[in-house]
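Shown next, in structure tokens, is the structure this report addresses.
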Amino acid sequence: MLEFVFLLPIVMGGTAFFLPVSLGRGLLIVAALLHLQLTVMGWMGKLDPYFPDYFSSSPEGLLVLLVTSFIFLFISIYAISYMSETEMQSEHIFISCMLLFLGTMSMVTLADHPIVLWIAIEATTLVSAPLIFINRSKEALEATWKYVLICSVGIALALLGCFFITLAMDIKEIDAPLTFSSLNAVAGRLDPIWLKAGFIFIMIGFGTKMGLAPMHTWLPDAHSQAPSPASALLSGALLNCAFLGIYKVHVLMHVAGLGTYSSNILIGFGLVSMFVAGIFILNQPDYKRLLAYSSVENMGVIAIGVGIGGIALYGAILHLIHHSLIKSSLFLSAGNILLGFGSRLVKKTGNLARLFPKTFVAFFAGFAGVSGFPPFGIFISELLIIMGAFQRGRFVVLAGFIFCLTLVFAGAARIVMRISFANAGEDILVEERMLRVIPSYVLLLTSIGLFLWMPETIFQVIIDTIKVLGGRVNG
Amino acid sequence: MINLSDAILVLILLSVLISLESNRMMTLVKIMGLQGVMVSLVPLFLEQHQAIGTGGMIFFQIMILIKGLLIPGLLYFAVQRVAIKREVEPLIGYHASLFFGLIMILVSLFITEKLQLTLPGGHSLLLITAITTLGAGLFLMMSRTKAITQVIGYLMLENGIYLVGTALTKQSHTRYVVEFGVLLDVLVGVMIMGIILHNINRAFDDVDTALLGRLKD
């Protein structure tokens, strides 16, 4: 039964709420391991959906599910050490919401019915709100309020988009079940005007959740105020889930022969996101906000890659995987820095290289990775997107893309150098621990590993994902 | 014979206008309750949904209870416990808001006329009501300073979308399970917003959104 993949974390999350904290921590790890095992079984095709009207395992869904499950395992290991170090007040709520969050995100990846997908994405907002709120400071309150309200309103518009797509089917008197698979089968006969209107609303709605500018305003606040394991999960897993919603509708548009229309919208939003992120990164005083804006930028990269298509689409999918790995690792390192210096401000930090050598290696390597240096996977994914833009003759897009990448690198490099090498006092609050460094290392090493050697099964699933859109792997 | 569905739609339109003009929190909450009941009644009286099974009937009744009683009830408690000043405190005056509502009706009339080509017939008043409700919801969110009016605006927006959804699309696609899921999300959303509201009130001694300006670049 495929539904176990999301039912298991949801049930365990519900249980964790009532358990004592020490048991809850164990449960978090156990649930993460079991979830990974279920995900692998899903990949092997051993799980069949019990409600095929609502859920199915699509290649793109499986890909996002595997990434989510993998990073969740390491984030939960980190979270255990983090929780005991910070003496978190409502730890049972935190553990329970982490698991519910994992469950609802898995539900997004497996949903095949547009409105079930909507329900799951809205549910991710609701269960992750307590994670941001957990510190109960005034800033955290404000961030949570913005997060819940902006995302709920945005996603409400996506629901309108879903209804428009249903209407596109009803007007033409097509009697097919409302699932993405059957919609793709009848796509050519759908009403193009309502389909276009539906795509716009879904793009704005799920784009809000994915953090595309100019709807990204909740993202830096939420990512900077949430405790670091939650930020890592928000950035590494949640944004992909929202992207999945847009991607599925983009596929529908492509099959219906409206691919150019949706591609151009994707590229437009992507460029704006990259540019806005670049501007705000330049003089960013807060390093967690810096990472958050970097997520906005990377979501823009993915949107552009998908919009260009061809080999760039392959690049975009690779980018999604590697961004999740590297960015969650960076947020975990940022958590160590925050614990050590007790401040989110760049000017209160410094000399990371000497004070926290292990965190420094992870943080600096992560920065190199996210900026696109080899041997990290983002190097190859961005290169493929650039090549794809050349092939399709999208030179204006290409110029904007490269300009924004440079802008982000220039802004981020200065801040990272300052955190790493500037002079600072000797007093540190919390020492770094192996348990809080190893997860970052593993995530980064996975990115290097996938750069050097991509397992055949993963490669095949990526091919299956991009096949529908006419994506290619070779030239 | 009076056309019942049209009468209900007119009531919804009136409730939107009253909510734009009302200056008391409590009035606003009561109107939301009325609007919730009316919105959930619309699909019952539309001609295309004549045959409704047992499951559907129970679903509709639960929905009326949630939209008409539970959510306004939650809001009622929130206003009682949270709002120290009971005035709505608009950024844009009541008369201007009312005027906006009237213009919104005209705009939705215009949009509906434009779309008439591709829409199944007989739904023009429904679409006008839906778009007006949607637009007025967004307007309420932007033009009032209290955080709680933003929640009410969000609910109104959701009502508008629900009208588009259940009324324009065939019931066979969006089965009750799915609609119930949507409703559940909205309900939990309002509860979470209520909890945050309570905390905002405790931390800042007010629920004015102007106080929420600490995080910026």
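In the structure tokens, each chain is lettered A, B, ... as it comes, each chain's residues begin at 1, and ligands are numbered from 1 in order of appearance.
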
Neighbours of chain A in chain B at 6 Å, counting only C-alpha atoms, as a PyMOL selection string: chain B and resi 161+165+169+173+182+212

Now that the selection is made, can you save its residues with C-alpha atoms as a tab-separated table (two decimals), in the first residue's frame?
chain	number	residue	atom	x	y	z
B	161	ILE	CA	-13.32	30.25	-4.50
B	165	GLY	CA	-15.53	25.40	-7.44
B	169	THR	CA	-17.62	22.24	-11.98
B	173	HIS	CA	-15.00	15.27	-10.25
B	182	VAL	CA	-10.26	21.37	1.59
B	212	LEU	CA	4.51	43.44	12.90

CA of Thr86 (chain A) to CA of Ala334 (chain A), distance in Å rounded to a single decimal: 14.4 Å

Find the spatial neighbours of Leu2 (chain A), counting only C-alpha atoms, within a cut-off of 12 Å - ignore same-chain residues fewer than 4 positions away - and output them as number ranges by chain. A: 6-8, 35, 38-52, 54-58, 62, 106-107, 109-111

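Put simply, CA of Leu102 (chain B) is 15.4 Å away from CA of Leu127 (chain B).
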
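The spacing separating CA of Leu102 (chain A) from CA of Ile326 (chain A) amounts to 18.9 Å.
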
Enumerate as a PyMOL selection string all residues of chain B assigned to alpha helix (DSSP H) by DSSP on the backbone, naming them with the chain letters and numbers the document uses. chain B and resi 4-21+25-45+54-65+71-82+94-115+124-143+147-168+176-204

Who sits within 12 Å of region 59-74 of chain B, only C-alpha atoms, same chain under 6 positions skipped, as number ranges by chain: B: 25-45, 52-53, 80-82, 148, 151-152, 155-156, 158-159, 162, 166, 175-195, 197-198

Nearby residues (only C-alpha atoms) at most 10 Å from Val346 (chain A), same-chain spacing under 5 positions excluded, as a short mmCIF file (atom, residue, chain, number, x, y, z; two decimals) with N, CA and C atoms, in the first residue's frame:
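Writing the result to out_37.cif gives the following:
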data_model
loop_
_atom_site.label_atom_id
_atom_site.label_comp_id
_atom_site.auth_asym_id
_atom_site.auth_seq_id
_atom_site.Cartn_x
_atom_site.Cartn_y
_atom_site.Cartn_z
N GLN A 284 23.56 41.83 2.88
CA GLN A 284 22.72 41.14 3.85
C GLN A 284 23.42 41.07 5.21
N PRO A 285 22.79 41.66 6.25
CA PRO A 285 23.45 41.61 7.57
C PRO A 285 23.22 40.30 8.33
N ASP A 286 22.34 39.44 7.85
CA ASP A 286 21.93 38.26 8.61
C ASP A 286 22.25 37.02 7.76
N TYR A 287 23.09 36.11 8.30
CA TYR A 287 23.54 35.01 7.44
C TYR A 287 22.47 33.96 7.18
N LYS A 288 21.49 33.83 8.08
CA LYS A 288 20.41 32.87 7.76
C LYS A 288 19.50 33.42 6.67
N LEU A 290 20.61 35.31 4.37
CA LEU A 290 21.43 35.13 3.16
C LEU A 290 21.15 33.77 2.54
N PHE A 341 27.86 31.46 18.29
CA PHE A 341 28.01 32.91 18.49
C PHE A 341 26.77 33.54 19.12
N ILE A 415 30.35 37.91 2.42
CA ILE A 415 29.82 37.61 3.75
C ILE A 415 30.42 36.32 4.30
N VAL A 416 30.54 35.31 3.42
CA VAL A 416 31.10 34.04 3.89
C VAL A 416 32.55 34.22 4.31
N ARG A 418 33.84 36.89 5.52
CA ARG A 418 33.83 37.61 6.78
C ARG A 418 33.55 36.67 7.95
N ILE A 419 32.54 35.82 7.77
CA ILE A 419 32.21 34.86 8.84
C ILE A 419 33.40 33.94 9.08
#

Of B:Ile196, B:Ala96, B:Val107, B:Met142, the one sitting nearest Ala78 (chain B) when using only C-alpha atoms is B:Ile196

As number ranges by chain, please: the residues near region 232-235 of chain A (cut-off 6 Å, only C-alpha atoms, same-chain neighbours under 3 positions excluded). A: 229, 238-239, 328, 331

Include C-alpha atoms and write out the residues we just selected as a tab-separated table (two decimals), in the first residue's frame.
chain	number	residue	atom	x	y	z
A	229	PRO	CA	16.81	21.84	11.49
A	238	LEU	CA	9.26	22.00	1.17
A	239	LEU	CA	10.24	24.23	-1.76
A	328	SER	CA	20.11	21.72	3.95
A	331	PHE	CA	21.45	25.49	7.12

B:Ile131, B:Leu211, B:Leu17, B:Met141: which is nearest Ile92 (chain B), counting only C-alpha atoms?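 Checking each of B:Ile131, B:Leu211, B:Leu17, B:Met141 against Ile92 (chain B), counting only C-alpha atoms, the winner is B:Met141.
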